[in-house]
>>> print(open('target.pdb').read())   # PDB, C-alpha atoms
ATOM      1  CA  MET B   1       0.000   0.000   0.000  1.00  0.00           C
ATOM      2  CA  LEU B   2       2.864   2.354   0.858  1.00  0.00           C
ATOM      3  CA  ALA B   3       4.538   1.742  -2.501  1.00  0.00           C
ATOM      4  CA  THR B   4       1.240   2.342  -4.263  1.00  0.00           C
ATOM      5  CA  THR B   5       0.717   5.621  -2.423  1.00  0.00           C
ATOM      6  CA  GLN B   6       4.263   6.698  -3.205  1.00  0.00           C
ATOM      7  CA  SER B   7       3.795   5.919  -6.887  1.00  0.00           C
ATOM      8  CA  LYS B   8       0.592   7.959  -6.962  1.00  0.00           C
ATOM      9  CA  ASN B   9       2.340  10.865  -5.310  1.00  0.00           C
ATOM     10  CA  ARG B  10       5.212  10.631  -7.795  1.00  0.00           C
ATOM     11  CA  PHE B  11       2.704  10.618 -10.641  1.00  0.00           C
ATOM     12  CA  LEU B  12       1.082  13.810  -9.343  1.00  0.00           C
ATOM     13  CA  LEU B  13       4.477  15.403  -8.825  1.00  0.00           C
ATOM     14  CA  GLY B  14       5.510  14.421 -12.345  1.00  0.00           C
ATOM     15  CA  ILE B  15       2.437  16.049 -13.876  1.00  0.00           C
ATOM     16  CA  THR B  16       2.987  19.177 -11.787  1.00  0.00           C
ATOM     17  CA  ILE B  17       6.615  19.440 -12.902  1.00  0.00           C
ATOM     18  CA  MET B  18       5.692  18.895 -16.560  1.00  0.00           C
ATOM     19  CA  VAL B  19       2.993  21.568 -16.515  1.00  0.00           C
ATOM     20  CA  MET B  20       5.236  24.028 -14.714  1.00  0.00           C
ATOM     21  CA  SER B  21       8.111  23.293 -17.098  1.00  0.00           C
ATOM     22  CA  ALA B  22       5.833  23.927 -20.061  1.00  0.00           C
ATOM     23  CA  LEU B  23       5.468  27.549 -18.918  1.00  0.00           C
ATOM     24  CA  PHE B  24       9.088  28.197 -19.875  1.00  0.00           C
ATOM     25  CA  PHE B  25       8.290  27.260 -23.463  1.00  0.00           C
ATOM     26  CA  ILE B  26       5.318  29.626 -23.660  1.00  0.00           C
ATOM     27  CA  LYS B  27       5.753  33.294 -24.402  1.00  0.00           C
ATOM     28  CA  PRO B  28       4.649  35.764 -21.711  1.00  0.00           C
ATOM     29  CA  ILE B  29       0.879  36.223 -21.778  1.00  0.00           C
ATOM     30  CA  ALA B  30      -0.412  39.789 -21.762  1.00  0.00           C
ATOM     31  CA  GLN B  31      -3.946  40.705 -20.748  1.00  0.00           C
ATOM     32  CA  ASN B  32      -6.183  41.104 -23.784  1.00  0.00           C
ATOM     33  CA  PRO B  33      -7.186  44.815 -23.842  1.00  0.00           C
ATOM     34  CA  ASN B  34     -10.653  43.782 -25.047  1.00  0.00           C
ATOM     35  CA  TYR B  35     -11.183  41.657 -21.942  1.00  0.00           C
ATOM     36  CA  HIS B  36     -12.958  44.520 -20.181  1.00  0.00           C
ATOM     37  CA  LEU B  37     -15.453  45.049 -23.041  1.00  0.00           C
ATOM     38  CA  PHE B  38     -18.234  42.834 -21.773  1.00  0.00           C
ATOM     39  CA  ALA B  39     -21.316  42.238 -23.882  1.00  0.00           C
ATOM     40  CA  ASP B  40     -23.799  43.636 -21.355  1.00  0.00           C
ATOM     41  CA  GLN B  41     -22.995  47.327 -20.845  1.00  0.00           C
ATOM     42  CA  ARG B  42     -26.407  48.345 -19.527  1.00  0.00           C
ATOM     43  CA  THR B  43     -26.894  50.735 -16.632  1.00  0.00           C
ATOM     44  CA  ILE B  44     -29.917  49.878 -14.480  1.00  0.00           C
ATOM     45  CA  LEU B  45     -31.001  51.704 -11.309  1.00  0.00           C
ATOM     46  CA  SER B  46     -27.925  53.916 -11.747  1.00  0.00           C
ATOM     47  CA  VAL B  47     -25.645  50.855 -11.466  1.00  0.00           C
ATOM     48  CA  GLU B  48     -23.264  50.570 -14.416  1.00  0.00           C
ATOM     49  CA  HIS B  49     -22.895  47.054 -15.855  1.00  0.00           C
ATOM     50  CA  PHE B  50     -25.812  46.140 -13.628  1.00  0.00           C
ATOM     51  CA  TRP B  51     -26.111  42.387 -14.241  1.00  0.00           C
ATOM     52  CA  ASN B  52     -22.377  41.712 -14.147  1.00  0.00           C
ATOM     53  CA  VAL B  53     -22.316  43.449 -10.760  1.00  0.00           C
ATOM     54  CA  ILE B  54     -25.536  42.040  -9.281  1.00  0.00           C
ATOM     55  CA  SER B  55     -24.811  38.466 -10.402  1.00  0.00           C
ATOM     56  CA  ASN B  56     -22.057  38.389  -7.766  1.00  0.00           C
ATOM     57  CA  ILE B  57     -24.579  38.513  -4.917  1.00  0.00           C
ATOM     58  CA  PRO B  58     -24.756  34.678  -4.671  1.00  0.00           C
ATOM     59  CA  PHE B  59     -21.007  34.636  -3.944  1.00  0.00           C
ATOM     60  CA  PHE B  60     -21.598  37.094  -1.124  1.00  0.00           C
ATOM     61  CA  VAL B  61     -24.498  35.107   0.332  1.00  0.00           C
ATOM     62  CA  PHE B  62     -23.004  31.610   0.035  1.00  0.00           C
ATOM     63  CA  GLY B  63     -19.591  32.746   1.234  1.00  0.00           C
ATOM     64  CA  LEU B  64     -21.116  34.360   4.291  1.00  0.00           C
ATOM     65  CA  LEU B  65     -23.374  31.385   5.025  1.00  0.00           C
ATOM     66  CA  GLY B  66     -20.437  29.019   4.607  1.00  0.00           C
ATOM     67  CA  MET B  67     -18.281  30.896   7.116  1.00  0.00           C
ATOM     68  CA  PHE B  68     -21.107  31.035   9.654  1.00  0.00           C
ATOM     69  CA  PHE B  69     -21.768  27.323   9.148  1.00  0.00           C
ATOM     70  CA  ILE B  70     -18.139  26.376   9.777  1.00  0.00           C
ATOM     71  CA  ILE B  71     -17.957  28.545  12.898  1.00  0.00           C
ATOM     72  CA  LYS B  72     -21.231  27.198  14.275  1.00  0.00           C
ATOM     73  CA  LYS B  73     -20.534  23.558  13.421  1.00  0.00           C
ATOM     74  CA  TYR B  74     -16.908  23.315  14.488  1.00  0.00           C
ATOM     75  CA  HIS B  75     -16.773  26.129  17.057  1.00  0.00           C
ATOM     76  CA  ALA B  76     -12.987  26.287  16.632  1.00  0.00           C
ATOM     77  CA  ILE B  77     -12.256  27.370  13.066  1.00  0.00           C
ATOM     78  CA  GLN B  78      -8.912  25.569  13.027  1.00  0.00           C
ATOM     79  CA  LEU B  79     -10.763  22.244  13.009  1.00  0.00           C
ATOM     80  CA  ASN B  80     -11.914  22.960   9.465  1.00  0.00           C
ATOM     81  CA  ILE B  81      -9.732  25.880   8.447  1.00  0.00           C
ATOM     82  CA  ASN B  82      -9.535  24.839   4.794  1.00  0.00           C
ATOM     83  CA  SER B  83     -13.298  25.070   4.289  1.00  0.00           C
ATOM     84  CA  PHE B  84     -13.519  28.317   6.240  1.00  0.00           C
ATOM     85  CA  VAL B  85     -10.847  29.959   4.059  1.00  0.00           C
ATOM     86  CA  PHE B  86     -12.580  28.652   0.936  1.00  0.00           C
ATOM     87  CA  TYR B  87     -15.826  30.364   1.946  1.00  0.00           C
ATOM     88  CA  LEU B  88     -13.896  33.468   2.983  1.00  0.00           C
ATOM     89  CA  GLY B  89     -12.369  33.583  -0.494  1.00  0.00           C
ATOM     90  CA  ILE B  90     -15.830  33.239  -2.041  1.00  0.00           C
ATOM     91  CA  PHE B  91     -17.119  36.103   0.103  1.00  0.00           C
ATOM     92  CA  LEU B  92     -14.171  38.322  -0.859  1.00  0.00           C
ATOM     93  CA  THR B  93     -14.616  37.331  -4.512  1.00  0.00           C
ATOM     94  CA  ALA B  94     -18.086  38.847  -4.418  1.00  0.00           C
ATOM     95  CA  LEU B  95     -16.724  42.160  -3.158  1.00  0.00           C
ATOM     96  CA  GLY B  96     -13.773  42.197  -5.533  1.00  0.00           C
ATOM     97  CA  SER B  97     -15.816  41.200  -8.570  1.00  0.00           C
ATOM     98  CA  MET B  98     -18.520  43.767  -7.830  1.00  0.00           C
ATOM     99  CA  TYR B  99     -15.861  46.444  -7.566  1.00  0.00           C
ATOM    100  CA  TYR B 100     -14.228  45.373 -10.812  1.00  0.00           C
ATOM    101  CA  HIS B 101     -17.404  45.012 -12.850  1.00  0.00           C
ATOM    102  CA  HIS B 102     -18.718  48.364 -11.691  1.00  0.00           C
ATOM    103  CA  GLN B 103     -15.645  49.945 -13.261  1.00  0.00           C
ATOM    104  CA  PRO B 104     -13.865  47.315 -15.379  1.00  0.00           C
ATOM    105  CA  CYS B 105     -10.213  48.172 -16.033  1.00  0.00           C
ATOM    106  CA  GLY B 106      -6.749  46.815 -15.408  1.00  0.00           C
ATOM    107  CA  GLN B 107      -6.464  48.444 -11.983  1.00  0.00           C
ATOM    108  CA  THR B 108      -9.704  47.009 -10.596  1.00  0.00           C
ATOM    109  CA  LEU B 109      -9.147  43.591 -12.182  1.00  0.00           C
ATOM    110  CA  VAL B 110      -6.525  42.885  -9.521  1.00  0.00           C
ATOM    111  CA  TRP B 111      -9.216  42.911  -6.814  1.00  0.00           C
ATOM    112  CA  ASP B 112     -11.350  40.554  -8.880  1.00  0.00           C
ATOM    113  CA  ARG B 113      -8.616  37.952  -9.294  1.00  0.00           C
ATOM    114  CA  LEU B 114      -6.861  38.156  -5.929  1.00  0.00           C
ATOM    115  CA  PRO B 115      -9.657  36.625  -3.816  1.00  0.00           C
ATOM    116  CA  MET B 116     -10.319  34.022  -6.510  1.00  0.00           C
ATOM    117  CA  THR B 117      -6.803  32.654  -6.036  1.00  0.00           C
ATOM    118  CA  ILE B 118      -7.592  32.262  -2.329  1.00  0.00           C
ATOM    119  CA  SER B 119     -10.647  30.140  -3.122  1.00  0.00           C
ATOM    120  CA  PHE B 120      -8.828  28.085  -5.775  1.00  0.00           C
ATOM    121  CA  MET B 121      -5.957  27.258  -3.443  1.00  0.00           C
ATOM    122  CA  ALA B 122      -8.184  26.628  -0.420  1.00  0.00           C
ATOM    123  CA  PHE B 123     -10.324  24.222  -2.438  1.00  0.00           C
ATOM    124  CA  PHE B 124      -7.208  22.436  -3.686  1.00  0.00           C
ATOM    125  CA  SER B 125      -5.990  22.062  -0.094  1.00  0.00           C
ATOM    126  CA  ILE B 126      -9.400  20.606   0.843  1.00  0.00           C
ATOM    127  CA  ILE B 127      -8.990  17.945  -1.842  1.00  0.00           C
ATOM    128  CA  ILE B 128      -5.446  17.154  -0.696  1.00  0.00           C
ATOM    129  CA  GLY B 129      -6.630  16.801   2.903  1.00  0.00           C
ATOM    130  CA  ASP B 130      -9.617  14.619   2.025  1.00  0.00           C
ATOM    131  CA  TYR B 131      -7.848  12.221  -0.333  1.00  0.00           C
ATOM    132  CA  ILE B 132      -4.085  12.269   0.224  1.00  0.00           C
ATOM    133  CA  CYS B 133      -3.342  13.372   3.780  1.00  0.00           C
ATOM    134  CA  LEU B 134      -5.392  15.506   6.165  1.00  0.00           C
ATOM    135  CA  THR B 135      -2.327  16.981   7.843  1.00  0.00           C
ATOM    136  CA  THR B 136      -0.677  17.752   4.509  1.00  0.00           C
ATOM    137  CA  GLY B 137      -3.838  19.452   3.285  1.00  0.00           C
ATOM    138  CA  LYS B 138      -3.869  21.771   6.295  1.00  0.00           C
ATOM    139  CA  ARG B 139      -0.154  22.476   6.109  1.00  0.00           C
ATOM    140  CA  MET B 140      -0.231  23.227   2.396  1.00  0.00           C
ATOM    141  CA  GLN B 141      -3.085  25.702   2.528  1.00  0.00           C
ATOM    142  CA  LEU B 142      -1.044  28.743   3.540  1.00  0.00           C
ATOM    143  CA  PRO B 143       1.832  28.064   1.083  1.00  0.00           C
ATOM    144  CA  LEU B 144      -0.671  27.486  -1.722  1.00  0.00           C
ATOM    145  CA  ILE B 145      -2.529  30.707  -0.940  1.00  0.00           C
ATOM    146  CA  LEU B 146       0.760  32.593  -0.812  1.00  0.00           C
ATOM    147  CA  LEU B 147       1.625  31.214  -4.248  1.00  0.00           C
ATOM    148  CA  GLY B 148      -1.719  32.483  -5.512  1.00  0.00           C
ATOM    149  CA  ILE B 149      -1.068  35.947  -4.090  1.00  0.00           C
ATOM    150  CA  ILE B 150       2.465  35.940  -5.506  1.00  0.00           C
ATOM    151  CA  SER B 151       1.057  35.143  -8.958  1.00  0.00           C
ATOM    152  CA  ILE B 152      -0.999  38.345  -8.774  1.00  0.00           C
ATOM    153  CA  ILE B 153       1.982  40.351  -7.515  1.00  0.00           C
ATOM    154  CA  TYR B 154       4.150  38.948 -10.313  1.00  0.00           C
ATOM    155  CA  TRP B 155       1.514  39.865 -12.894  1.00  0.00           C
ATOM    156  CA  GLN B 156       1.381  43.438 -11.610  1.00  0.00           C
ATOM    157  CA  MET B 157       5.171  43.759 -11.450  1.00  0.00           C
ATOM    158  CA  THR B 158       5.597  42.624 -15.041  1.00  0.00           C
ATOM    159  CA  LYS B 159       2.775  44.914 -16.092  1.00  0.00           C
ATOM    160  CA  SER B 160       4.439  47.939 -14.477  1.00  0.00           C
ATOM    161  CA  LYS B 161       7.644  47.123 -16.358  1.00  0.00           C
ATOM    162  CA  GLY B 162       5.862  46.988 -19.696  1.00  0.00           C
ATOM    163  CA  ARG B 163       6.130  43.216 -20.197  1.00  0.00           C
ATOM    164  CA  GLU B 164       2.895  41.934 -18.706  1.00  0.00           C
ATOM    165  CA  ASP B 165       2.899  38.215 -17.979  1.00  0.00           C
ATOM    166  CA  LEU B 166      -0.106  36.173 -16.835  1.00  0.00           C
ATOM    167  CA  ARG B 167       1.525  32.748 -17.119  1.00  0.00           C
ATOM    168  CA  PHE B 168       1.957  32.283 -13.379  1.00  0.00           C
ATOM    169  CA  TYR B 169      -1.644  33.297 -12.672  1.00  0.00           C
ATOM    170  CA  ALA B 170      -2.858  30.900 -15.388  1.00  0.00           C
ATOM    171  CA  LEU B 171      -0.863  28.121 -13.715  1.00  0.00           C
ATOM    172  CA  ILE B 172      -2.410  28.867 -10.325  1.00  0.00           C
ATOM    173  CA  GLN B 173      -5.917  28.787 -11.802  1.00  0.00           C
ATOM    174  CA  PHE B 174      -5.712  25.784 -14.112  1.00  0.00           C
ATOM    175  CA  LEU B 175      -3.160  23.392 -12.570  1.00  0.00           C
ATOM    176  CA  PRO B 176      -5.512  22.474  -9.694  1.00  0.00           C
ATOM    177  CA  ILE B 177      -8.267  21.837 -12.250  1.00  0.00           C
ATOM    178  CA  ILE B 178      -5.938  19.340 -13.920  1.00  0.00           C
ATOM    179  CA  LEU B 179      -4.769  17.718 -10.695  1.00  0.00           C
ATOM    180  CA  ILE B 180      -8.052  17.502  -8.779  1.00  0.00           C
ATOM    181  CA  PRO B 181      -9.759  14.973 -11.116  1.00  0.00           C
ATOM    182  CA  ILE B 182      -6.592  12.882 -11.060  1.00  0.00           C
ATOM    183  CA  VAL B 183      -6.576  12.921  -7.248  1.00  0.00           C
ATOM    184  CA  LEU B 184     -10.259  11.954  -7.124  1.00  0.00           C
ATOM    185  CA  ILE B 185      -9.585   9.000  -9.437  1.00  0.00           C
ATOM    186  CA  LEU B 186      -6.259   7.789  -8.004  1.00  0.00           C
ATOM    187  CA  PHE B 187      -7.052   8.216  -4.308  1.00  0.00           C
ATOM    188  CA  LYS B 188     -10.569   6.819  -4.228  1.00  0.00           C
ATOM    189  CA  ASN B 189     -12.147   6.469  -0.817  1.00  0.00           C
ATOM    190  CA  ASP B 190     -15.593   6.479   0.771  1.00  0.00           C
ATOM    191  CA  ASN B 191     -15.656  10.256   1.253  1.00  0.00           C
ATOM    192  CA  PRO B 192     -19.335  11.314   1.025  1.00  0.00           C
ATOM    193  CA  LEU B 193     -18.240  14.578  -0.620  1.00  0.00           C
ATOM    194  CA  THR B 194     -16.734  12.900  -3.687  1.00  0.00           C
ATOM    195  CA  LYS B 195     -19.813  13.317  -5.862  1.00  0.00           C
ATOM    196  CA  THR B 196     -20.089  16.951  -4.783  1.00  0.00           C
ATOM    197  CA  TYR B 197     -16.470  17.595  -5.767  1.00  0.00           C
ATOM    198  CA  TRP B 198     -17.157  16.222  -9.248  1.00  0.00           C
ATOM    199  CA  HIS B 199     -20.238  18.435  -9.498  1.00  0.00           C
ATOM    200  CA  ILE B 200     -18.132  21.440  -8.483  1.00  0.00           C
ATOM    201  CA  LEU B 201     -15.677  20.677 -11.276  1.00  0.00           C
ATOM    202  CA  MET B 202     -18.597  20.411 -13.697  1.00  0.00           C
ATOM    203  CA  VAL B 203     -20.057  23.803 -12.768  1.00  0.00           C
ATOM    204  CA  TYR B 204     -16.575  25.319 -13.111  1.00  0.00           C
ATOM    205  CA  VAL B 205     -16.385  24.041 -16.686  1.00  0.00           C
ATOM    206  CA  ILE B 206     -19.904  25.344 -17.371  1.00  0.00           C
ATOM    207  CA  ALA B 207     -18.894  28.729 -15.960  1.00  0.00           C
ATOM    208  CA  LYS B 208     -15.858  28.908 -18.255  1.00  0.00           C
ATOM    209  CA  VAL B 209     -18.011  28.005 -21.276  1.00  0.00           C
ATOM    210  CA  CYS B 210     -20.459  30.778 -20.381  1.00  0.00           C
ATOM    211  CA  GLU B 211     -17.594  33.234 -19.984  1.00  0.00           C
ATOM    212  CA  ALA B 212     -16.152  32.306 -23.387  1.00  0.00           C
ATOM    213  CA  ASN B 213     -19.562  32.845 -25.009  1.00  0.00           C
ATOM    214  CA  ASP B 214     -20.391  36.142 -23.311  1.00  0.00           C
ATOM    215  CA  GLU B 215     -21.527  38.029 -26.397  1.00  0.00           C
ATOM    216  CA  PHE B 216     -23.155  35.014 -28.096  1.00  0.00           C
ATOM    217  CA  ILE B 217     -25.411  34.341 -25.096  1.00  0.00           C
ATOM    218  CA  PHE B 218     -26.328  38.004 -24.669  1.00  0.00           C
ATOM    219  CA  HIS B 219     -27.107  38.367 -28.366  1.00  0.00           C
ATOM    220  CA  HIS B 220     -29.505  35.419 -28.320  1.00  0.00           C
ATOM    221  CA  THR B 221     -31.179  36.097 -24.973  1.00  0.00           C
ATOM    222  CA  GLN B 222     -31.188  39.912 -25.070  1.00  0.00           C
ATOM    223  CA  PHE B 223     -31.512  39.670 -21.321  1.00  0.00           C
ATOM    224  CA  ILE B 224     -28.459  38.144 -19.704  1.00  0.00           C
ATOM    225  CA  SER B 225     -24.878  37.760 -20.867  1.00  0.00           C
ATOM    226  CA  GLY B 226     -22.542  34.809 -20.732  1.00  0.00           C
ATOM    227  CA  HIS B 227     -20.384  36.571 -18.171  1.00  0.00           C
ATOM    228  CA  SER B 228     -23.290  37.098 -15.791  1.00  0.00           C
ATOM    229  CA  LEU B 229     -24.233  33.440 -16.240  1.00  0.00           C
ATOM    230  CA  LYS B 230     -20.619  32.574 -15.470  1.00  0.00           C
ATOM    231  CA  HIS B 231     -21.002  34.215 -12.064  1.00  0.00           C
ATOM    232  CA  LEU B 232     -24.244  32.386 -11.357  1.00  0.00           C
ATOM    233  CA  ALA B 233     -22.808  29.035 -12.463  1.00  0.00           C
ATOM    234  CA  ALA B 234     -19.601  29.474 -10.467  1.00  0.00           C
ATOM    235  CA  ALA B 235     -21.612  30.424  -7.374  1.00  0.00           C
ATOM    236  CA  LEU B 236     -23.109  26.934  -7.437  1.00  0.00           C
ATOM    237  CA  ALA B 237     -19.719  25.595  -6.278  1.00  0.00           C
ATOM    238  CA  PRO B 238     -19.892  26.953  -2.705  1.00  0.00           C
ATOM    239  CA  LEU B 239     -23.622  26.220  -2.603  1.00  0.00           C
ATOM    240  CA  LEU B 240     -23.054  22.566  -3.522  1.00  0.00           C
ATOM    241  CA  LEU B 241     -20.312  22.177  -0.940  1.00  0.00           C
ATOM    242  CA  LEU B 242     -22.296  23.929   1.781  1.00  0.00           C
ATOM    243  CA  HIS B 243     -25.429  21.894   1.013  1.00  0.00           C
ATOM    244  CA  THR B 244     -23.556  18.590   1.259  1.00  0.00           C
ATOM    245  CA  GLN B 245     -21.679  19.596   4.411  1.00  0.00           C
ATOM    246  CA  TYR B 246     -24.967  20.608   6.021  1.00  0.00           C
ATOM    247  CA  LYS B 247     -26.633  17.302   5.100  1.00  0.00           C
ATOM    248  CA  LEU B 248     -23.723  15.412   6.611  1.00  0.00           C
ATOM    249  CA  THR B 249     -24.151  17.255   9.909  1.00  0.00           C
ATOM    250  CA  LEU B 250     -27.745  16.033  10.072  1.00  0.00           C
ATOM    251  CA  LYS B 251     -26.497  12.450  10.039  1.00  0.00           C
ATOM    252  CA  THR B 252     -24.104  12.942  12.931  1.00  0.00           C
TER     253      THR B 252
END
>>> encode(input="target.pdb", output="structure tokens")
Amino acid sequence: MLATTQSKNRFLLGITIMVMSALFFIKPIAQNPNYHLFADQRTILSVEHFWNVISNIPFFVFGLLGMFFIIKKYHAIQLNINSFVFYLGIFLTALGSMYYHHQPCGQTLVWDRLPMTISFMAFFSIIIGDYICLTTGKRMQLPLILLGIISIIYWQMTKSKGREDLRFYALIQFLPIILIPIVLILFKNDNPLTKTYWHILMVYVIAKVCEANDEFIFHHTQFISGHSLKHLAAALAPLLLLHTQYKLTLKT
């Protein structure tokens, strides 16, 4: 069993090294200047880009509910710090995304992406703790979050020097999405949250599809844009996790 676990860990490490090495063969990635030109530019009730702003409310609600749930259920946050930080990141994402979408530009985009890295890394640490090693998952959370923050700092530093580079941020966002399904498959156990984790990955993919089809969706609905739907789809992730965690408490 030990050898099998070691081989699985080596496999994950190998994939991580390969993906990270690939970054050195990719040219620096600059932010597309058209990124801020979202399809839905409407001002409603004096709120500019109304739906892109308002569609972040579920993040605010589910993040807040998640933090309260963890505090109430575990009393001492450190007993489930990974989940608490995940919900905290979701809550901060709502604030940062609202701020950005109210006035979309390069300066405000930082506050949209920074809290998202916290949620990405916290969720990754949850997966590590649930399937590889609980202690390792807790210990890795802070280093992972720091890496996420550093990716934003690096992006801003390169931008200020006139050679903007988003490669590190892209790695922080997408490497966990590559590794998490592999972990779920290789380290199978009887964790009752497994199905929920797969559902969370599914809604993430749906959110990215909506984001990529922002204008197409808005053109055909004339009501809501793909980017607003992205927010609503992504907000299902904390809702799914919170719902399952709550159901599990009813059984204990």
>>> closest_residue(input="target.pdb", among="B:His227, B:Lys208, B:His219, B:Arg167", to="B:Met20", atoms="all atoms listed in the file")
B:Arg167
>>> residues_around(input="target.pdb", residues="B:Pro58", least_positions_apart="6", cutoff="9 Å", atoms="all atoms listed in the file", output="compact mmCIF listing (two decimals) with C-alpha atoms, in the coordinates of the input")
# COMPACT_ATOMS: atom_id res chain seq x y z
CA ALA B 94 -18.09 38.85 -4.42
CA HIS B 231 -21.00 34.22 -12.06
CA LEU B 232 -24.24 32.39 -11.36
CA ALA B 235 -21.61 30.42 -7.37
CA LEU B 236 -23.11 26.93 -7.44
CA LEU B 239 -23.62 26.22 -2.60
>>> residues_around(input="target.pdb", residues="B:Leu175", least_positions_apart="3", cutoff="9 Å", atoms="all atoms listed in the file", output="PDB file with C-alpha atoms, in the coordinates of the input")
ATOM      1  CA  THR B  16       2.987  19.177 -11.787  1.00  0.00           C
ATOM      2  CA  VAL B  19       2.993  21.568 -16.515  1.00  0.00           C
ATOM      3  CA  MET B  20       5.236  24.028 -14.714  1.00  0.00           C
ATOM      4  CA  ALA B 170      -2.858  30.900 -15.388  1.00  0.00           C
ATOM      5  CA  LEU B 171      -0.863  28.121 -13.715  1.00  0.00           C
ATOM      6  CA  ILE B 172      -2.410  28.867 -10.325  1.00  0.00           C
ATOM      7  CA  ILE B 178      -5.938  19.340 -13.920  1.00  0.00           C
ATOM      8  CA  LEU B 179      -4.769  17.718 -10.695  1.00  0.00           C
ATOM      9  CA  ILE B 180      -8.052  17.502  -8.779  1.00  0.00           C
TER      10      ILE B 180
END
>>> closest_residue(input="target.pdb", among="B:Met121, B:Asn9, B:Ile127, B:Ser21", to="B:Asn189", atoms="all atoms listed in the file")
B:Ile127
>>> closest_residue(input="target.pdb", among="B:Glu48, B:Asn82, B:Tyr99, B:Phe168", to="B:Met140", atoms="all atoms listed in the file")
B:Asn82
>>> residues_around(input="target.pdb", residues="stretch 197-203 of chain B", least_positions_apart="6", cutoff="8 Å", atoms="only C-alpha atoms", output="number ranges by chain")
B: 177, 181, 233-234, 236-237, 240-241
>>> closest_residue(input="target.pdb", among="B:Tyr169, B:Trp51, B:Phe25, B:Phe62", to="B:Trp155", atoms="all atoms listed in the file")
B:Tyr169
>>> closest_residue(input="target.pdb", among="B:Ala212, B:Ala30, B:Met157, B:Leu193", to="B:Gln245", atoms="all atoms listed in the file")
B:Leu193
>>> resolve_selection(input="target.pdb", expression="the PyMOL selection byres ((chain B and resi 102-116) around 7)", output="list in words")
His36, Glu48, His49, Val53, Gly89, Leu92, Thr93, Gly96, Ser97, Met98, Tyr99, Tyr100, His101, Thr117, Ile118, Ser119, Phe120, Ile149 and Ile152 of chain B
>>> atom_distance(input="target.pdb", atom1="atom CA of B:Asn80", atom2="atom CA of B:Lys138")
8.7 Å
>>> atom_distance(input="target.pdb", atom1="atom CA of B:Tyr131", atom2="atom CA of B:Val183")
7.1 Å
>>> build_atoms(input="target.pdb", residues="stretch 110-125 of chain B", atoms="N, CA and C atoms", output="mmCIF file, in the coordinates of the input")
data_model
loop_
_atom_site.group_PDB
_atom_site.id
_atom_site.type_symbol
_atom_site.label_atom_id
_atom_site.label_comp_id
_atom_site.auth_asym_id
_atom_site.auth_seq_id
_atom_site.Cartn_x
_atom_site.Cartn_y
_atom_site.Cartn_z
ATOM 1 N N VAL B 110 -7.343 43.500 -10.574
ATOM 2 C CA VAL B 110 -6.525 42.885 -9.521
ATOM 3 C C VAL B 110 -7.407 42.408 -8.370
ATOM 4 N N TRP B 111 -8.369 43.228 -7.972
ATOM 5 C CA TRP B 111 -9.216 42.911 -6.814
ATOM 6 C C TRP B 111 -10.284 41.880 -7.150
ATOM 7 N N ASP B 112 -10.474 41.633 -8.440
ATOM 8 C CA ASP B 112 -11.350 40.554 -8.880
ATOM 9 C C ASP B 112 -10.616 39.220 -8.785
ATOM 10 N N ARG B 113 -9.363 39.205 -9.200
ATOM 11 C CA ARG B 113 -8.616 37.952 -9.294
ATOM 12 C C ARG B 113 -7.959 37.528 -7.987
ATOM 13 N N LEU B 114 -7.570 38.487 -7.167
ATOM 14 C CA LEU B 114 -6.861 38.156 -5.929
ATOM 15 C C LEU B 114 -7.659 37.227 -5.020
ATOM 16 N N PRO B 115 -8.910 37.541 -4.694
ATOM 17 C CA PRO B 115 -9.657 36.625 -3.816
ATOM 18 C C PRO B 115 -9.978 35.297 -4.485
ATOM 19 N N MET B 116 -10.055 35.288 -5.825
ATOM 20 C CA MET B 116 -10.319 34.022 -6.510
ATOM 21 C C MET B 116 -9.180 33.041 -6.298
ATOM 22 N N THR B 117 -7.939 33.546 -6.265
ATOM 23 C CA THR B 117 -6.803 32.654 -6.036
ATOM 24 C C THR B 117 -6.883 32.034 -4.639
ATOM 25 N N ILE B 118 -7.429 32.791 -3.686
ATOM 26 C CA ILE B 118 -7.592 32.262 -2.329
ATOM 27 C C ILE B 118 -8.555 31.076 -2.345
ATOM 28 N N SER B 119 -9.669 31.225 -3.050
ATOM 29 C CA SER B 119 -10.647 30.140 -3.122
ATOM 30 C C SER B 119 -10.101 28.936 -3.874
ATOM 31 N N PHE B 120 -9.412 29.186 -5.007
ATOM 32 C CA PHE B 120 -8.828 28.085 -5.775
ATOM 33 C C PHE B 120 -7.883 27.259 -4.918
ATOM 34 N N MET B 121 -6.972 27.953 -4.230
ATOM 35 C CA MET B 121 -5.957 27.258 -3.443
ATOM 36 C C MET B 121 -6.556 26.589 -2.206
ATOM 37 N N ALA B 122 -7.531 27.228 -1.592
ATOM 38 C CA ALA B 122 -8.184 26.628 -0.420
ATOM 39 C C ALA B 122 -8.927 25.356 -0.822
ATOM 40 N N PHE B 123 -9.596 25.400 -1.968
ATOM 41 C CA PHE B 123 -10.324 24.222 -2.438
ATOM 42 C C PHE B 123 -9.350 23.089 -2.759
ATOM 43 N N PHE B 124 -8.224 23.436 -3.371
ATOM 44 C CA PHE B 124 -7.208 22.436 -3.686
ATOM 45 C C PHE B 124 -6.683 21.799 -2.402
ATOM 46 N N SER B 125 -6.478 22.596 -1.367
ATOM 47 C CA SER B 125 -5.990 22.062 -0.094
ATOM 48 C C SER B 125 -7.041 21.162 0.559
#
